[in-house]
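**Q** File start_31.txt below, compact mmCIF, N, CA and C atoms:
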```
# COMPACT_ATOMS: atom_id res chain seq x y z
N MET O 1 14.80 2.06 27.11
CA MET O 1 13.93 3.20 26.87
C MET O 1 12.54 2.69 26.47
N ARG O 2 11.52 3.26 27.08
CA ARG O 2 10.15 2.89 26.74
C ARG O 2 9.73 3.58 25.45
N ASN O 3 8.82 2.93 24.71
CA ASN O 3 8.35 3.46 23.43
C ASN O 3 7.04 4.22 23.52
N ASP O 4 6.44 4.32 24.73
CA ASP O 4 5.21 5.10 24.83
C ASP O 4 5.57 6.57 25.07
N VAL O 5 4.61 7.45 24.85
CA VAL O 5 4.87 8.89 24.94
C VAL O 5 5.42 9.27 26.31
N VAL O 6 4.80 8.75 27.37
CA VAL O 6 5.21 9.09 28.73
C VAL O 6 6.65 8.67 29.00
N GLY O 7 6.99 7.45 28.61
CA GLY O 7 8.35 6.96 28.83
C GLY O 7 9.37 7.62 27.93
N TYR O 8 9.02 7.77 26.66
CA TYR O 8 9.94 8.34 25.68
C TYR O 8 10.34 9.78 26.02
N TYR O 9 9.34 10.56 26.48
CA TYR O 9 9.60 11.96 26.82
C TYR O 9 9.76 12.18 28.32
N ASN O 10 9.79 11.10 29.09
CA ASN O 10 9.98 11.15 30.54
C ASN O 10 8.99 12.12 31.20
N ILE O 11 7.72 11.94 30.87
CA ILE O 11 6.65 12.79 31.42
C ILE O 11 6.23 12.23 32.77
N ARG O 12 6.08 13.12 33.72
CA ARG O 12 5.64 12.69 35.06
C ARG O 12 4.12 12.63 35.08
N ARG O 13 3.59 11.66 35.79
CA ARG O 13 2.14 11.49 35.89
C ARG O 13 1.56 12.58 36.77
N PRO O 14 0.31 12.94 36.71
CA PRO O 14 -0.68 12.46 35.76
C PRO O 14 -0.55 13.18 34.41
N TYR O 15 -1.05 12.57 33.38
CA TYR O 15 -1.02 13.17 32.06
C TYR O 15 -2.41 13.09 31.44
N PRO O 16 -2.86 14.17 30.78
CA PRO O 16 -4.24 14.25 30.27
C PRO O 16 -4.39 13.79 28.83
N PHE O 17 -3.80 12.64 28.47
CA PHE O 17 -3.89 12.14 27.11
C PHE O 17 -3.74 10.62 27.10
N VAL O 18 -4.05 10.02 25.98
CA VAL O 18 -3.87 8.58 25.82
C VAL O 18 -2.40 8.33 25.55
N ASN O 19 -1.79 7.49 26.34
CA ASN O 19 -0.36 7.21 26.25
C ASN O 19 -0.11 6.14 25.19
N VAL O 20 0.13 6.58 23.96
CA VAL O 20 0.30 5.66 22.84
C VAL O 20 1.78 5.43 22.55
N ASP O 21 2.06 4.39 21.77
CA ASP O 21 3.41 4.08 21.32
C ASP O 21 3.84 5.18 20.35
N VAL O 22 5.11 5.60 20.43
CA VAL O 22 5.57 6.67 19.55
C VAL O 22 6.07 6.16 18.20
N PHE O 23 6.18 4.84 18.04
CA PHE O 23 6.73 4.30 16.80
C PHE O 23 5.74 3.52 15.94
N VAL O 24 4.70 2.99 16.54
CA VAL O 24 3.71 2.22 15.78
C VAL O 24 2.31 2.68 16.14
N ASP O 25 1.37 2.42 15.24
CA ASP O 25 -0.01 2.78 15.52
C ASP O 25 -0.58 1.93 16.64
N THR O 26 -1.45 2.52 17.42
CA THR O 26 -2.15 1.83 18.50
C THR O 26 -3.56 1.56 18.03
N PRO O 27 -3.98 0.28 17.97
CA PRO O 27 -5.35 -0.01 17.52
C PRO O 27 -6.37 0.44 18.56
N LEU O 28 -6.75 1.70 18.48
CA LEU O 28 -7.65 2.30 19.46
C LEU O 28 -8.86 2.87 18.74
N VAL O 29 -10.02 2.57 19.26
CA VAL O 29 -11.25 3.07 18.67
C VAL O 29 -11.97 3.91 19.72
N VAL O 30 -12.43 5.07 19.32
CA VAL O 30 -13.17 5.94 20.22
C VAL O 30 -14.63 5.49 20.21
N ASP O 31 -15.17 5.20 21.38
CA ASP O 31 -16.54 4.73 21.51
C ASP O 31 -17.45 5.93 21.82
N PRO O 32 -18.35 6.27 20.88
CA PRO O 32 -19.24 7.41 21.13
C PRO O 32 -20.07 7.28 22.40
N GLN O 33 -20.47 6.07 22.74
CA GLN O 33 -21.26 5.88 23.95
C GLN O 33 -20.44 6.21 25.20
N ALA O 34 -19.15 5.90 25.17
CA ALA O 34 -18.29 6.24 26.31
C ALA O 34 -18.21 7.75 26.47
N ILE O 35 -18.20 8.48 25.35
CA ILE O 35 -18.19 9.94 25.43
C ILE O 35 -19.50 10.44 26.00
N ARG O 36 -20.62 9.85 25.56
CA ARG O 36 -21.93 10.26 26.08
C ARG O 36 -22.03 10.05 27.59
N LEU O 37 -21.45 8.96 28.07
CA LEU O 37 -21.55 8.62 29.49
C LEU O 37 -20.50 9.34 30.34
N SER O 38 -19.58 10.03 29.69
CA SER O 38 -18.50 10.70 30.40
C SER O 38 -19.03 11.82 31.28
N SER O 39 -18.48 11.93 32.47
CA SER O 39 -18.87 13.02 33.35
C SER O 39 -17.81 14.11 33.38
N SER O 40 -16.68 13.85 32.76
CA SER O 40 -15.63 14.86 32.73
C SER O 40 -14.71 14.58 31.56
N PRO O 41 -13.87 15.44 31.06
CA PRO O 41 -13.90 16.85 31.44
C PRO O 41 -14.96 17.60 30.66
N GLN O 42 -15.63 18.47 31.32
CA GLN O 42 -16.64 19.31 30.68
C GLN O 42 -15.99 20.66 30.39
N PRO O 43 -16.31 21.38 29.38
CA PRO O 43 -17.39 21.23 28.42
C PRO O 43 -17.01 20.40 27.19
N PHE O 44 -15.80 19.82 27.18
CA PHE O 44 -15.33 19.13 25.99
C PHE O 44 -16.15 17.91 25.64
N ALA O 45 -16.62 17.17 26.63
CA ALA O 45 -17.46 16.00 26.36
C ALA O 45 -18.76 16.44 25.70
N ARG O 46 -19.37 17.51 26.18
CA ARG O 46 -20.61 18.01 25.59
C ARG O 46 -20.40 18.45 24.14
N GLU O 47 -19.28 19.13 23.88
CA GLU O 47 -18.96 19.55 22.52
C GLU O 47 -18.76 18.34 21.62
N ALA O 48 -18.09 17.32 22.14
CA ALA O 48 -17.86 16.10 21.36
C ALA O 48 -19.19 15.42 21.03
N ILE O 49 -20.08 15.35 21.99
CA ILE O 49 -21.40 14.75 21.77
C ILE O 49 -22.19 15.54 20.73
N ASP O 50 -22.15 16.87 20.82
CA ASP O 50 -22.83 17.71 19.83
C ASP O 50 -22.28 17.45 18.43
N CYS O 51 -20.96 17.34 18.33
CA CYS O 51 -20.33 17.06 17.03
C CYS O 51 -20.73 15.69 16.51
N LEU O 52 -20.73 14.69 17.38
CA LEU O 52 -21.15 13.34 16.98
C LEU O 52 -22.57 13.35 16.44
N GLU O 53 -23.46 13.99 17.19
CA GLU O 53 -24.86 13.99 16.80
C GLU O 53 -25.11 14.77 15.52
N SER O 54 -24.45 15.90 15.33
CA SER O 54 -24.65 16.65 14.09
C SER O 54 -24.03 15.91 12.90
N PHE O 55 -22.87 15.27 13.12
CA PHE O 55 -22.24 14.49 12.06
C PHE O 55 -23.15 13.36 11.60
N TRP O 56 -23.61 12.54 12.55
CA TRP O 56 -24.44 11.40 12.18
C TRP O 56 -25.81 11.81 11.67
N SER O 57 -26.33 12.94 12.15
CA SER O 57 -27.60 13.44 11.61
C SER O 57 -27.47 13.76 10.13
N LEU O 58 -26.35 14.38 9.76
CA LEU O 58 -26.11 14.68 8.35
C LEU O 58 -25.98 13.40 7.53
N VAL O 59 -25.20 12.45 8.04
CA VAL O 59 -25.01 11.18 7.32
C VAL O 59 -26.36 10.51 7.12
N VAL O 60 -27.16 10.41 8.17
CA VAL O 60 -28.48 9.77 8.08
C VAL O 60 -29.37 10.52 7.10
N MET O 61 -29.36 11.85 7.16
CA MET O 61 -30.18 12.64 6.25
C MET O 61 -29.80 12.35 4.80
N TYR O 62 -28.50 12.30 4.50
CA TYR O 62 -28.06 12.02 3.14
C TYR O 62 -28.43 10.61 2.69
N VAL O 63 -28.28 9.64 3.59
CA VAL O 63 -28.63 8.26 3.23
C VAL O 63 -30.12 8.13 2.99
N LEU O 64 -30.93 8.75 3.83
CA LEU O 64 -32.38 8.69 3.64
C LEU O 64 -32.81 9.41 2.37
N ASP O 65 -32.11 10.47 1.99
CA ASP O 65 -32.40 11.16 0.74
C ASP O 65 -32.24 10.17 -0.43
N GLY O 66 -31.17 9.42 -0.40
CA GLY O 66 -30.98 8.34 -1.37
C GLY O 66 -30.54 8.75 -2.76
N SER O 67 -30.52 10.04 -3.06
CA SER O 67 -30.09 10.46 -4.39
C SER O 67 -28.59 10.21 -4.53
N GLU O 68 -28.13 10.12 -5.76
CA GLU O 68 -26.71 9.89 -6.02
C GLU O 68 -25.86 10.99 -5.39
N GLU O 69 -26.33 12.23 -5.50
CA GLU O 69 -25.60 13.38 -4.94
C GLU O 69 -25.54 13.29 -3.40
N ALA O 70 -26.66 12.95 -2.78
CA ALA O 70 -26.71 12.86 -1.32
C ALA O 70 -25.83 11.72 -0.81
N LEU O 71 -25.86 10.57 -1.48
CA LEU O 71 -25.02 9.45 -1.06
C LEU O 71 -23.53 9.79 -1.22
N ALA O 72 -23.20 10.55 -2.25
CA ALA O 72 -21.83 11.00 -2.44
C ALA O 72 -21.41 11.92 -1.29
N LYS O 73 -22.33 12.76 -0.81
CA LYS O 73 -22.03 13.64 0.33
C LYS O 73 -21.82 12.81 1.60
N ALA O 74 -22.62 11.77 1.79
CA ALA O 74 -22.44 10.89 2.95
C ALA O 74 -21.08 10.22 2.89
N GLU O 75 -20.70 9.74 1.71
CA GLU O 75 -19.39 9.11 1.54
C GLU O 75 -18.27 10.10 1.82
N LEU O 76 -18.45 11.33 1.36
CA LEU O 76 -17.44 12.36 1.58
C LEU O 76 -17.26 12.61 3.08
N LEU O 77 -18.38 12.71 3.80
CA LEU O 77 -18.30 12.91 5.25
C LEU O 77 -17.59 11.75 5.93
N LEU O 78 -18.00 10.53 5.59
CA LEU O 78 -17.43 9.35 6.24
C LEU O 78 -15.99 9.09 5.83
N GLY O 79 -15.58 9.58 4.69
CA GLY O 79 -14.22 9.36 4.22
C GLY O 79 -13.27 10.49 4.51
N SER O 80 -13.71 11.46 5.29
CA SER O 80 -12.88 12.65 5.48
C SER O 80 -12.17 12.71 6.82
N PHE O 81 -12.12 11.60 7.53
CA PHE O 81 -11.44 11.62 8.83
C PHE O 81 -9.95 11.75 8.62
N LYS O 82 -9.38 12.77 9.20
CA LYS O 82 -7.95 13.00 9.11
C LYS O 82 -7.37 12.97 10.51
N GLU O 83 -6.14 12.52 10.60
CA GLU O 83 -5.49 12.43 11.89
C GLU O 83 -4.01 12.74 11.71
N PRO O 84 -3.45 13.57 12.57
CA PRO O 84 -2.01 13.80 12.48
C PRO O 84 -1.26 12.49 12.69
N LYS O 85 -0.22 12.26 11.93
CA LYS O 85 0.57 11.03 12.06
C LYS O 85 1.05 10.82 13.49
N GLU O 86 1.33 11.91 14.17
CA GLU O 86 1.88 11.83 15.52
C GLU O 86 0.91 11.20 16.53
N ASN O 87 -0.39 11.17 16.22
CA ASN O 87 -1.36 10.58 17.16
C ASN O 87 -1.12 9.10 17.36
N ARG O 88 -0.74 8.41 16.29
CA ARG O 88 -0.46 6.97 16.33
C ARG O 88 -1.64 6.15 16.83
N MET O 89 -2.85 6.60 16.49
CA MET O 89 -4.03 5.83 16.88
C MET O 89 -4.72 5.33 15.63
N GLY O 90 -5.06 4.08 15.63
CA GLY O 90 -5.72 3.47 14.49
C GLY O 90 -4.97 2.23 14.05
N VAL O 91 -5.39 1.70 12.92
CA VAL O 91 -4.75 0.51 12.38
C VAL O 91 -4.38 0.83 10.95
N THR O 92 -3.13 0.63 10.59
CA THR O 92 -2.71 0.92 9.23
C THR O 92 -2.23 -0.34 8.54
N CYS O 93 -2.25 -0.29 7.24
CA CYS O 93 -1.80 -1.43 6.43
C CYS O 93 -0.49 -1.13 5.74
N GLY O 94 -0.29 0.11 5.34
CA GLY O 94 0.89 0.45 4.57
C GLY O 94 1.79 1.42 5.29
N GLY O 95 1.94 1.28 6.59
CA GLY O 95 2.77 2.20 7.35
C GLY O 95 1.94 3.31 7.95
N ILE O 96 2.58 4.10 8.77
CA ILE O 96 1.89 5.17 9.48
C ILE O 96 1.70 6.34 8.52
N SER O 97 0.44 6.67 8.25
CA SER O 97 0.19 7.75 7.31
C SER O 97 -0.87 8.73 7.81
N GLY O 98 -1.60 8.38 8.86
CA GLY O 98 -2.61 9.28 9.39
C GLY O 98 -3.77 9.53 8.45
N ARG O 99 -4.11 8.56 7.59
CA ARG O 99 -5.17 8.75 6.61
C ARG O 99 -6.56 8.61 7.20
N GLY O 100 -6.71 7.81 8.23
CA GLY O 100 -8.04 7.58 8.78
C GLY O 100 -8.89 6.74 7.85
N SER O 101 -10.16 7.04 7.78
CA SER O 101 -11.09 6.26 6.97
C SER O 101 -10.87 6.52 5.49
N ALA O 102 -10.56 5.48 4.77
CA ALA O 102 -10.32 5.61 3.34
C ALA O 102 -11.64 5.72 2.59
N HIS O 103 -11.57 6.23 1.38
CA HIS O 103 -12.76 6.39 0.55
C HIS O 103 -13.49 5.07 0.35
N VAL O 104 -12.74 3.99 0.18
CA VAL O 104 -13.38 2.69 -0.06
C VAL O 104 -14.18 2.24 1.17
N ILE O 105 -13.67 2.51 2.36
CA ILE O 105 -14.39 2.15 3.59
C ILE O 105 -15.65 3.01 3.71
N ALA O 106 -15.56 4.28 3.37
CA ALA O 106 -16.73 5.17 3.41
C ALA O 106 -17.83 4.65 2.50
N LYS O 107 -17.46 4.19 1.31
CA LYS O 107 -18.46 3.63 0.38
C LYS O 107 -19.12 2.40 0.99
N ARG O 108 -18.32 1.58 1.66
CA ARG O 108 -18.87 0.36 2.28
C ARG O 108 -19.81 0.70 3.43
N ILE O 109 -19.45 1.71 4.23
CA ILE O 109 -20.32 2.11 5.34
C ILE O 109 -21.65 2.64 4.80
N VAL O 110 -21.60 3.47 3.76
CA VAL O 110 -22.83 3.99 3.16
C VAL O 110 -23.67 2.84 2.60
N ALA O 111 -23.03 1.87 2.00
CA ALA O 111 -23.77 0.71 1.46
C ALA O 111 -24.49 -0.04 2.58
N VAL O 112 -23.81 -0.24 3.70
CA VAL O 112 -24.44 -0.93 4.83
C VAL O 112 -25.60 -0.09 5.37
N LEU O 113 -25.40 1.21 5.51
CA LEU O 113 -26.48 2.08 5.99
C LEU O 113 -27.65 2.09 5.01
N THR O 114 -27.35 2.05 3.73
CA THR O 114 -28.38 2.09 2.70
C THR O 114 -29.21 0.81 2.68
N HIS O 115 -28.60 -0.30 3.02
CA HIS O 115 -29.31 -1.58 2.94
C HIS O 115 -29.71 -2.12 4.31
N GLU O 116 -28.75 -2.50 5.13
CA GLU O 116 -29.05 -3.16 6.40
C GLU O 116 -29.71 -2.25 7.44
N ALA O 117 -29.30 -1.00 7.53
CA ALA O 117 -29.83 -0.12 8.57
C ALA O 117 -30.88 0.86 8.06
N TYR O 118 -31.18 0.82 6.80
CA TYR O 118 -32.07 1.81 6.19
C TYR O 118 -33.46 1.81 6.83
N GLY O 119 -34.01 0.64 7.05
CA GLY O 119 -35.35 0.55 7.65
C GLY O 119 -35.41 1.20 9.02
N LEU O 120 -34.38 0.98 9.83
CA LEU O 120 -34.33 1.60 11.15
C LEU O 120 -34.28 3.11 11.06
N MET O 121 -33.46 3.60 10.15
CA MET O 121 -33.34 5.05 9.99
C MET O 121 -34.64 5.65 9.47
N GLN O 122 -35.25 4.97 8.51
CA GLN O 122 -36.48 5.47 7.90
C GLN O 122 -37.62 5.51 8.92
N ALA O 123 -37.68 4.51 9.79
CA ALA O 123 -38.73 4.45 10.79
C ALA O 123 -38.48 5.42 11.95
N GLY O 124 -37.29 6.00 11.96
CA GLY O 124 -36.96 6.93 13.04
C GLY O 124 -36.64 6.22 14.33
N SER O 125 -36.36 4.91 14.25
CA SER O 125 -36.06 4.13 15.44
C SER O 125 -34.68 4.40 15.98
N VAL O 126 -33.84 5.03 15.16
CA VAL O 126 -32.46 5.24 15.58
C VAL O 126 -32.18 6.73 15.70
N GLY O 127 -32.25 7.21 16.92
CA GLY O 127 -31.90 8.60 17.15
C GLY O 127 -30.40 8.80 17.17
N GLN O 128 -29.70 7.75 17.54
CA GLN O 128 -28.24 7.79 17.61
C GLN O 128 -27.71 6.60 16.81
N ILE O 129 -27.54 6.80 15.52
CA ILE O 129 -27.14 5.72 14.63
C ILE O 129 -25.80 5.11 15.03
N ASP O 130 -24.96 5.88 15.71
CA ASP O 130 -23.67 5.34 16.12
C ASP O 130 -23.80 4.26 17.19
N LEU O 131 -24.99 4.08 17.77
CA LEU O 131 -25.21 3.00 18.73
C LEU O 131 -25.59 1.68 18.07
N VAL O 132 -25.90 1.73 16.78
CA VAL O 132 -26.30 0.53 16.05
C VAL O 132 -25.03 -0.20 15.59
N PRO O 133 -24.90 -1.48 15.96
CA PRO O 133 -23.72 -2.21 15.49
C PRO O 133 -23.81 -2.43 13.98
N LEU O 134 -22.80 -1.95 13.28
CA LEU O 134 -22.73 -2.12 11.84
C LEU O 134 -21.53 -3.02 11.53
N PHE O 135 -21.73 -3.99 10.68
CA PHE O 135 -20.66 -4.89 10.29
C PHE O 135 -20.29 -4.57 8.86
N VAL O 136 -19.11 -3.98 8.70
CA VAL O 136 -18.66 -3.50 7.40
C VAL O 136 -17.38 -4.25 7.02
N ARG O 137 -17.42 -4.91 5.87
CA ARG O 137 -16.25 -5.65 5.40
C ARG O 137 -15.05 -4.70 5.30
N GLY O 138 -13.92 -5.14 5.84
CA GLY O 138 -12.70 -4.33 5.77
C GLY O 138 -12.49 -3.40 6.95
N VAL O 139 -13.44 -3.37 7.89
CA VAL O 139 -13.27 -2.55 9.08
C VAL O 139 -13.09 -3.50 10.26
N ALA O 140 -11.85 -3.67 10.66
CA ALA O 140 -11.53 -4.56 11.78
C ALA O 140 -10.09 -4.30 12.20
N ALA O 141 -9.76 -4.77 13.36
CA ALA O 141 -8.42 -4.55 13.87
C ALA O 141 -7.35 -5.30 13.08
N THR O 142 -7.74 -6.36 12.38
CA THR O 142 -6.73 -7.17 11.71
C THR O 142 -6.86 -7.19 10.20
N SER O 143 -7.72 -6.36 9.66
CA SER O 143 -7.88 -6.40 8.22
C SER O 143 -7.67 -5.04 7.59
N CYS O 144 -7.34 -5.05 6.33
CA CYS O 144 -7.14 -3.81 5.59
C CYS O 144 -8.05 -3.84 4.38
N PRO O 145 -8.51 -2.68 3.94
CA PRO O 145 -9.38 -2.64 2.76
C PRO O 145 -8.64 -3.16 1.52
N THR O 146 -9.42 -3.83 0.69
CA THR O 146 -8.83 -4.34 -0.55
C THR O 146 -9.51 -3.72 -1.73
```
Please, can you express the file's structure as structure tokens?

**A**
Amino acid sequence: MRNDVVGYYNIRRPYPFVNVDVFVDTPLVVDPQAIRLSSSPQPFAREAIDCLESFWSLVVMYVLDGSEEALAKAELLLGSFKEPKENRMGVTCGGISGRGSAHVIAKRIVAVLTHEAYGLMQAGSVGQIDLVPLFVRGVAATSCPT
């Protein structure tokens, strides 16, 4: 018996979803640029792009504000990713829990945005901050936050 969704449930092709393992998490990352370049299916790609842009606009606005309250809001946004356990997408350290981005990772992302990427955001050079490569300790396929 296969452990992917298609094999486990004997689904006939084609299928309109990512065929992940039903027992373990799949280290899969959604690339915002791939969504931007997508030509189908519409209108879902456009809605996803609008959501990405409004999300990152808020994060950038809070980081540029720089107040303790605004940075806390940025951390809240970045730490609020939730995922149903059944999706099995992501990388977990303590078993499958569907937690997504932990609070500690959100703090680290805000710290990187506040220091390394701040000048770019302040100068307005980054209209799409998600295109800027950010290197955040603890965010990798083989590491877990400590």

**Q** Can you measure atom CA of Ser57 of chain O to atom CA of Glu116 of chain O for me? One decimal in Å is fine.

**A**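 These atoms are spaced 17.5 Å apart.
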
**Q** Just want the 6 Å neighbourhood of segment 2-11 of chain O, counted on only C-alpha atoms, with same-chain residues fewer than 6 positions away dropped. Output as a list in words.

**A**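 Everything that qualifies: Asn19, Val20, Asp21 and Val22 of chain O.
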
**Q** Quick one: pull the distance between atom N of Leu131 of chain O and atom C of Ile109 of chain O, Å, one decimal.

**A**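 Distance reported for this atom pair: 13.5 Å.
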
**Q** Work out how far apart atom CA of Val60 of chain O and atom CA of Ala74 of chain O are and give it in Å to one decimal.

**A**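 Separation of atom CA of Val60 of chain O and atom CA of Ala74 of chain O: 8.0 Å.
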